[in-house]
Amino acid sequence: MQAPMNNHRNGQSAAGSLEQLVSSLQPNIAGILDRALLGQDITAEEAEALFGVSGLELSALVMVADELRHRTVGDVVTYVVNRNINFTNVCIKRCGFCAFSRDHREEEGYFIPTGEIVRRAREAWDLGATEVCIQAGLPPQMEGNLYVKLCEAVKSELPDIHVHGFSPEEVLYGSVRSRSTIREYLQALQQAGVGSLPGTSAEILDQEMRDRISPGRISVDQWTEVITTAHDLGIPTTSTIMYGHAETDGHKARHIALIRDIQKATGGFTEFVPLGFIHTEAPMYGHKLVDGVREGPTGTETVKVHAISRLMLNNWIPNLQVSWVKEGLKFGQYMLATGVNDMGGTLINESISTAAGAQHGQLVRPRELHHAIRDAGRIPAERHTTYDRMHVFEGEEDPQHPLDSLEGNLEEIFGSYQRMVKMEGFRFQHPRSAASAGSELAGSNEASPSPSSPTSSG
Ligand code: SF4
């Protein structure tokens with residue numbers, strides 16, 4: 001074992017224990033972990049081999065991931081106070097894993113108008129949120145500039161709030177609907193004040209796999225174009241993977257390697273977020289639409305994905321997030337030992353995983369995050385979206401955040417996905433009927449979809 005071990009925690013004895021453990025493993029696994037500890041990038045093939053480990057080798061993998069995390073980002077665990085605004089669930093696509101979307105004819109289709117989006121952003125800001133995360137379905141015949149106008153409306157009311165919004169799929173849809181290029185559309189969003197883009201709609205960046213689980217979804221090339229163009233313009237993005245469905249270990253390893261390659265070229269990713277597939281309400285699971293689809297990842301698989309992500313990305317994307325929405329706060333807390341240094345956001349209104357059957361609620365308060373982080377032996381810190389730290393809560397200091405002091409039924413205060421789909425007030429109206437009623441959804445400058453429009457496959 002040649003790695004220069006960091007002597008944190010129990011000093012040389014901890015380093016020696018890890019050395020001993022690694023040296024007792026099968027040579028091929030020991031070699032991969034050794035190289036990671038030496039600060040070298042491991043290959044996609046080596047990562048794939050790590051997905052096969054169990055027993056002592058798995059323990060060693062987790063310990064190496066934790067060691068690399070400590071060396072690179074220390075013991076602080078960050079989170080952001082934010083609010084999700086998933087302003088419509090009506091979507092022209094039919095992704096097999098998505099339980100959130102509704103056809104425009106379905107009764108549960110909703111559409112939150114701009115004024116209400118701004119009101120929700122204002123409410124979050126007044127409660128100490130620094131970010132709104134705006135993502136939604138792709139409503140039919142949408143006004144091309146809707147996302148730009150939304151962003152402008154929020155920023156003109158709240159110039160200091162960070163708008164983290166519009167996935168690559170939405171950027172592509174907006175550009176098609178407005179007959180502009182992806183670059184032009186991103187420039188318009190940038191001028192409107194968008195702060196960063198979610199690197200969602202990635203799932204597994206393998207075209208054959210995408211064609212199986214979500215035919216018609218944004219392609220690998222298009223996703224990469226949106227992301228690299230955003231980075232080129234100076235708009236940072238997150239990066240994600242969705243796993244635990246029909247993909248192989250090779251798919252996961254190559255996906256993370258592609259994210260790493262993009263980061264080497266652009267440096268624009270702020271974080272990497274593994275997202276476990278939630279099968280409960282997913283059409284491709286319920287209707288058996290995809291051969292071999294699984295009931296989401298196992299706990300061991302979730303541990304491996306986080307730990308291997310740390311090994312592969314440590315030199316390039318220092319921030320690895322666990323999703324409490326997918327894993328719950330308890331298992332999410334355990335993930336802190338697998339290379340993770342971020343617990344995501346408070347969210348306030350989580351809809352997409354809730355619709356899929358996630359049982360972990362729609363909001364987590366800062367004090368709950370602090371408790372989980374401290375209990376894991378780490379230091380909580382509130383951050384901005386782009387990872388500059390606002391406040392590190394050293395020692396026992398724990399000032400009460402406005403979200404901590406809220407009493408009563410939070411669903412009544414903030415609304416919820418379950419309530420939204422039943423409310424008449426925000427019922428989706430198709431643009432054909434909305435136009436006569438003057439709805440903002442169908443703007444006068446809307447364009448018909450081009451032959452390559454995503455609507456043709458939606
Ligand atoms: S595009 Fe988004 S909202 Fe629409 S079906 Fe796919 S994942 Fe769901």
# chains A, B, ... in the order shown; residues from 1 in each chain; ligands from 1

$ closest_atom_pairs --of "chain A" --to "ligand 1" --cutoff "7 Å" --atoms "only C-alpha atoms and all ligand atoms" --output "tab-separated table"
residue	atom	partner	partner_atom_place_in_ligand_line	distance
A:Asn89	CA	ligand 1	3 (S)	6.3
A:Cys91	CA	ligand 1	4 (Fe)	4.7
A:Ile92	CA	ligand 1	4 (Fe)	6.4
A:Lys93	CA	ligand 1	5 (S)	4.5
A:Arg94	CA	ligand 1	5 (S)	4.4
A:Cys95	CA	ligand 1	6 (Fe)	4.3
A:Cys98	CA	ligand 1	8 (Fe)	4.6
A:Ala99	CA	ligand 1	8 (Fe)	6.9
A:Phe100	CA	ligand 1	8 (Fe)	5.8
A:Ser101	CA	ligand 1	3 (S)	4.8
A:Ala136	CA	ligand 1	3 (S)	5.9
A:Gly137	CA	ligand 1	3 (S)	3.8
A:Leu138	CA	ligand 1	4 (Fe)	5.8
A:Glu169	CA	ligand 1	1 (S)	6.7
A:Ser201	CA	ligand 1	7 (S)	6.8
A:Arg217	CA	ligand 1	1 (S)	6.8

$ write_last_selection --atoms "N, CA and C atoms" --output "PDB file, in the first residue's frame"
ATOM      1  N   ASN A  89     -47.548  19.645 -14.132  1.00  0.00           N
ATOM      2  CA  ASN A  89     -47.269  18.213 -14.287  1.00  0.00           C
ATOM      3  C   ASN A  89     -47.751  17.720 -15.656  1.00  0.00           C
ATOM      4  N   CYS A  91     -47.461  17.066 -19.474  1.00  0.00           N
ATOM      5  CA  CYS A  91     -46.247  16.825 -20.264  1.00  0.00           C
ATOM      6  C   CYS A  91     -46.580  16.060 -21.534  1.00  0.00           C
ATOM      7  N   ILE A  92     -45.908  16.469 -22.599  1.00  0.00           N
ATOM      8  CA  ILE A  92     -46.109  15.788 -23.882  1.00  0.00           C
ATOM      9  C   ILE A  92     -45.340  14.474 -23.963  1.00  0.00           C
ATOM     10  N   LYS A  93     -44.428  14.250 -23.024  1.00  0.00           N
ATOM     11  CA  LYS A  93     -43.602  13.032 -23.078  1.00  0.00           C
ATOM     12  C   LYS A  93     -44.221  11.937 -22.218  1.00  0.00           C
ATOM     13  N   ARG A  94     -43.700  10.756 -22.387  1.00  0.00           N
ATOM     14  CA  ARG A  94     -44.178   9.607 -21.616  1.00  0.00           C
ATOM     15  C   ARG A  94     -42.968   8.807 -21.128  1.00  0.00           C
ATOM     16  N   CYS A  95     -42.117   9.419 -20.358  1.00  0.00           N
ATOM     17  CA  CYS A  95     -40.949   8.696 -19.871  1.00  0.00           C
ATOM     18  C   CYS A  95     -41.412   7.548 -18.969  1.00  0.00           C
ATOM     19  N   CYS A  98     -41.452   7.957 -15.138  1.00  0.00           N
ATOM     20  CA  CYS A  98     -42.008   9.187 -14.562  1.00  0.00           C
ATOM     21  C   CYS A  98     -43.451   8.990 -14.127  1.00  0.00           C
ATOM     22  N   ALA A  99     -43.679   9.163 -12.842  1.00  0.00           N
ATOM     23  CA  ALA A  99     -45.038   9.075 -12.303  1.00  0.00           C
ATOM     24  C   ALA A  99     -45.615  10.463 -12.059  1.00  0.00           C
ATOM     25  N   PHE A 100     -44.846  11.479 -12.337  1.00  0.00           N
ATOM     26  CA  PHE A 100     -45.245  12.858 -12.063  1.00  0.00           C
ATOM     27  C   PHE A 100     -46.133  13.415 -13.170  1.00  0.00           C
ATOM     28  N   SER A 101     -45.822  13.066 -14.422  1.00  0.00           N
ATOM     29  CA  SER A 101     -46.476  13.742 -15.539  1.00  0.00           C
ATOM     30  C   SER A 101     -47.902  13.248 -15.752  1.00  0.00           C
ATOM     31  N   ALA A 136     -40.442  21.440 -14.487  1.00  0.00           N
ATOM     32  CA  ALA A 136     -41.821  20.983 -14.673  1.00  0.00           C
ATOM     33  C   ALA A 136     -41.911  20.043 -15.863  1.00  0.00           C
ATOM     34  N   GLY A 137     -43.154  19.647 -16.163  1.00  0.00           N
ATOM     35  CA  GLY A 137     -43.402  18.895 -17.385  1.00  0.00           C
ATOM     36  C   GLY A 137     -43.320  19.817 -18.596  1.00  0.00           C
ATOM     37  N   LEU A 138     -43.534  19.245 -19.771  1.00  0.00           N
ATOM     38  CA  LEU A 138     -43.483  20.022 -21.018  1.00  0.00           C
ATOM     39  C   LEU A 138     -44.910  20.163 -21.534  1.00  0.00           C
ATOM     40  N   GLU A 169     -33.827  19.052 -20.843  1.00  0.00           N
ATOM     41  CA  GLU A 169     -35.024  18.741 -21.638  1.00  0.00           C
ATOM     42  C   GLU A 169     -35.884  19.989 -21.818  1.00  0.00           C
ATOM     43  N   SER A 201     -32.713  15.174 -16.247  1.00  0.00           N
ATOM     44  CA  SER A 201     -33.013  14.551 -17.541  1.00  0.00           C
ATOM     45  C   SER A 201     -31.798  13.810 -18.110  1.00  0.00           C
ATOM     46  N   ARG A 217     -37.134  10.827 -25.378  1.00  0.00           N
ATOM     47  CA  ARG A 217     -36.503  11.736 -24.420  1.00  0.00           C
ATOM     48  C   ARG A 217     -35.317  12.427 -25.077  1.00  0.00           C
TER      49      ARG A 217
END

$ residues_around --residues "Arg69 (chain A)" --least-positions-apart "5" --cutoff "12 Å" --atoms "only C-alpha atoms" --output "ChimeraX atom specification"
/A:6,8,36-37,39,62-64,74-77,306-315,317-321,335-342

$ select_by_dssp --residues "region 238-347 of chain A" --states "alpha helix (DSSP H)" --output "ChimeraX atom specification"
/A:249-266,283-286,299-313,324-335

$ write_last_selection --atoms "C-alpha atoms" --output "JSON list (two decimals), in the first residue's frame"
[["chain", "number", "residue", "atom", "x", "y", "z"],
["A", 249, "ASP", "CA", -23.09, -1.76, -13.71],
["A", 250, "GLY", "CA", -21.27, -0.91, -16.93],
["A", 251, "HIS", "CA", -23.90, 1.70, -17.79],
["A", 252, "LYS", "CA", -23.47, 3.35, -14.40],
["A", 253, "ALA", "CA", -19.68, 3.34, -14.63],
["A", 254, "ARG", "CA", -19.62, 4.76, -18.16],
["A", 255, "HIS", "CA", -22.23, 7.40, -17.25],
["A", 256, "ILE", "CA", -20.08, 8.68, -14.40],
["A", 257, "ALA", "CA", -17.01, 8.60, -16.68],
["A", 258, "LEU", "CA", -18.86, 10.72, -19.26],
["A", 259, "ILE", "CA", -19.81, 13.25, -16.57],
["A", 260, "ARG", "CA", -16.13, 13.33, -15.58],
["A", 261, "ASP", "CA", -15.03, 13.87, -19.20],
["A", 262, "ILE", "CA", -17.44, 16.79, -19.58],
["A", 263, "GLN", "CA", -16.18, 18.29, -16.34],
["A", 264, "LYS", "CA", -12.57, 17.98, -17.48],
["A", 265, "ALA", "CA", -13.49, 19.96, -20.59],
["A", 266, "THR", "CA", -15.74, 22.63, -19.02],
["A", 283, "PRO", "CA", -45.41, 3.23, -15.57],
["A", 284, "MET", "CA", -42.52, 1.13, -16.88],
["A", 285, "TYR", "CA", -42.65, -0.95, -13.72],
["A", 286, "GLY", "CA", -46.41, -1.12, -13.19],
["A", 299, "GLY", "CA", -29.33, -0.49, -0.11],
["A", 300, "THR", "CA", -25.98, -2.04, -0.99],
["A", 301, "GLU", "CA", -26.20, -0.76, -4.55],
["A", 302, "THR", "CA", -26.96, 2.73, -3.23],
["A", 303, "VAL", "CA", -23.87, 2.57, -1.01],
["A", 304, "LYS", "CA", -21.74, 1.43, -3.94],
["A", 305, "VAL", "CA", -23.03, 4.12, -6.32],
["A", 306, "HIS", "CA", -22.17, 6.88, -3.87],
["A", 307, "ALA", "CA", -18.78, 5.45, -2.93],
["A", 308, "ILE", "CA", -17.75, 4.71, -6.53],
["A", 309, "SER", "CA", -18.92, 8.19, -7.58],
["A", 310, "ARG", "CA", -16.56, 9.65, -4.98],
["A", 311, "LEU", "CA", -13.68, 7.55, -6.30],
["A", 312, "MET", "CA", -14.33, 8.47, -9.92],
["A", 313, "LEU", "CA", -15.11, 12.15, -9.48],
["A", 324, "TRP", "CA", -32.92, 12.64, 1.25],
["A", 325, "VAL", "CA", -36.01, 12.61, -0.94],
["A", 326, "LYS", "CA", -34.99, 9.27, -2.40],
["A", 327, "GLU", "CA", -33.20, 7.73, 0.58],
["A", 328, "GLY", "CA", -34.89, 9.31, 3.57],
["A", 329, "LEU", "CA", -32.99, 11.17, 6.24],
["A", 330, "LYS", "CA", -31.85, 8.02, 8.09],
["A", 331, "PHE", "CA", -30.25, 6.25, 5.14],
["A", 332, "GLY", "CA", -29.12, 9.61, 3.77],
["A", 333, "GLN", "CA", -27.30, 10.18, 7.04],
["A", 334, "TYR", "CA", -25.51, 6.84, 6.62],
["A", 335, "MET", "CA", -24.49, 7.86, 3.10]]

$ residues_around --residues "His164 (chain A)" --least-positions-apart "4" --cutoff "7 Å" --atoms "only C-alpha atoms" --output "PyMOL selection string"
chain A and resi 131-134+194-198

$ residues_around --residues "Val148 (chain A)" --least-positions-apart "2" --cutoff "8 Å" --atoms "only C-alpha atoms" --output "PyMOL selection string"
chain A and resi 145-146+150-152+188-189+192

$ write_last_selection --atoms "C-alpha atoms" --output "JSON list (two decimals), in the first residue's frame"
[["chain", "number", "residue", "atom", "x", "y", "z"],
["A", 145, "ASN", "CA", -40.42, 32.09, -24.13],
["A", 146, "LEU", "CA", -42.34, 30.90, -21.09],
["A", 150, "LEU", "CA", -40.86, 33.05, -15.65],
["A", 151, "CYS", "CA", -37.27, 33.70, -14.77],
["A", 152, "GLU", "CA", -37.64, 37.43, -15.45],
["A", 188, "ALA", "CA", -32.01, 34.54, -23.12],
["A", 189, "LEU", "CA", -32.31, 32.62, -19.85],
["A", 192, "ALA", "CA", -33.34, 36.86, -17.58]]

$ atom_distance --atom1 "CA of Arg122 (chain A)" --atom2 "CA of Glu108 (chain A)"
26.0 Å

$ closest_residue --among "A:Tyr243, A:Tyr79, A:Phe51, A:Tyr110" --to "Ile373 (chain A)" --atoms "only C-alpha atoms"
A:Tyr79

$ closest_residue --among "A:Pro399, A:Arg374, A:Ser323, A:Gln362" --to "Gly415 (chain A)" --atoms "only C-alpha atoms"
A:Gln362

$ residues_around --residues "Met420 (chain A)" --least-positions-apart "5" --cutoff "12 Å" --atoms "only C-alpha atoms" --output "ChimeraX atom specification"
/A:85-89,100,107-112,349-351,355,411-412,414-415,425-428

$ write_last_selection --atoms "C-alpha atoms" --output "PDB file, in the first residue's frame"
ATOM      1  CA  ILE A  85     -41.663  24.856  -7.782  1.00  0.00           C
ATOM      2  CA  ASN A  86     -42.781  22.157 -10.209  1.00  0.00           C
ATOM      3  CA  PHE A  87     -45.222  24.473 -11.926  1.00  0.00           C
ATOM      4  CA  THR A  88     -46.981  21.976 -14.171  1.00  0.00           C
ATOM      5  CA  ASN A  89     -47.269  18.213 -14.287  1.00  0.00           C
ATOM      6  CA  PHE A 100     -45.245  12.858 -12.063  1.00  0.00           C
ATOM      7  CA  GLU A 107     -58.141  15.456 -14.556  1.00  0.00           C
ATOM      8  CA  GLU A 108     -55.066  15.724 -12.398  1.00  0.00           C
ATOM      9  CA  GLY A 109     -53.207  18.071 -14.747  1.00  0.00           C
ATOM     10  CA  TYR A 110     -52.284  21.374 -13.095  1.00  0.00           C
ATOM     11  CA  PHE A 111     -50.530  24.546 -14.179  1.00  0.00           C
ATOM     12  CA  ILE A 112     -49.370  27.198 -11.706  1.00  0.00           C
ATOM     13  CA  ASN A 349     -42.476  21.378  -2.014  1.00  0.00           C
ATOM     14  CA  GLU A 350     -41.088  18.095  -3.292  1.00  0.00           C
ATOM     15  CA  SER A 351     -43.432  16.735  -5.962  1.00  0.00           C
ATOM     16  CA  ALA A 355     -45.680  11.403  -7.084  1.00  0.00           C
ATOM     17  CA  GLU A 411     -48.953  21.030   3.959  1.00  0.00           C
ATOM     18  CA  GLU A 412     -51.586  23.637   4.742  1.00  0.00           C
ATOM     19  CA  PHE A 414     -47.131  25.475   1.607  1.00  0.00           C
ATOM     20  CA  GLY A 415     -49.537  23.227  -0.264  1.00  0.00           C
ATOM     21  CA  GLY A 425     -57.916  26.669  -9.065  1.00  0.00           C
ATOM     22  CA  PHE A 426     -54.793  25.599 -10.975  1.00  0.00           C
ATOM     23  CA  ARG A 427     -56.393  23.116 -13.352  1.00  0.00           C
ATOM     24  CA  PHE A 428     -54.503  22.881 -16.666  1.00  0.00           C
TER      25      PHE A 428
END

$ closest_residue --among "A:Thr78, A:Thr181, A:Gln429, A:Asn409" --to "Glu225 (chain A)" --atoms "only C-alpha atoms"
A:Thr181
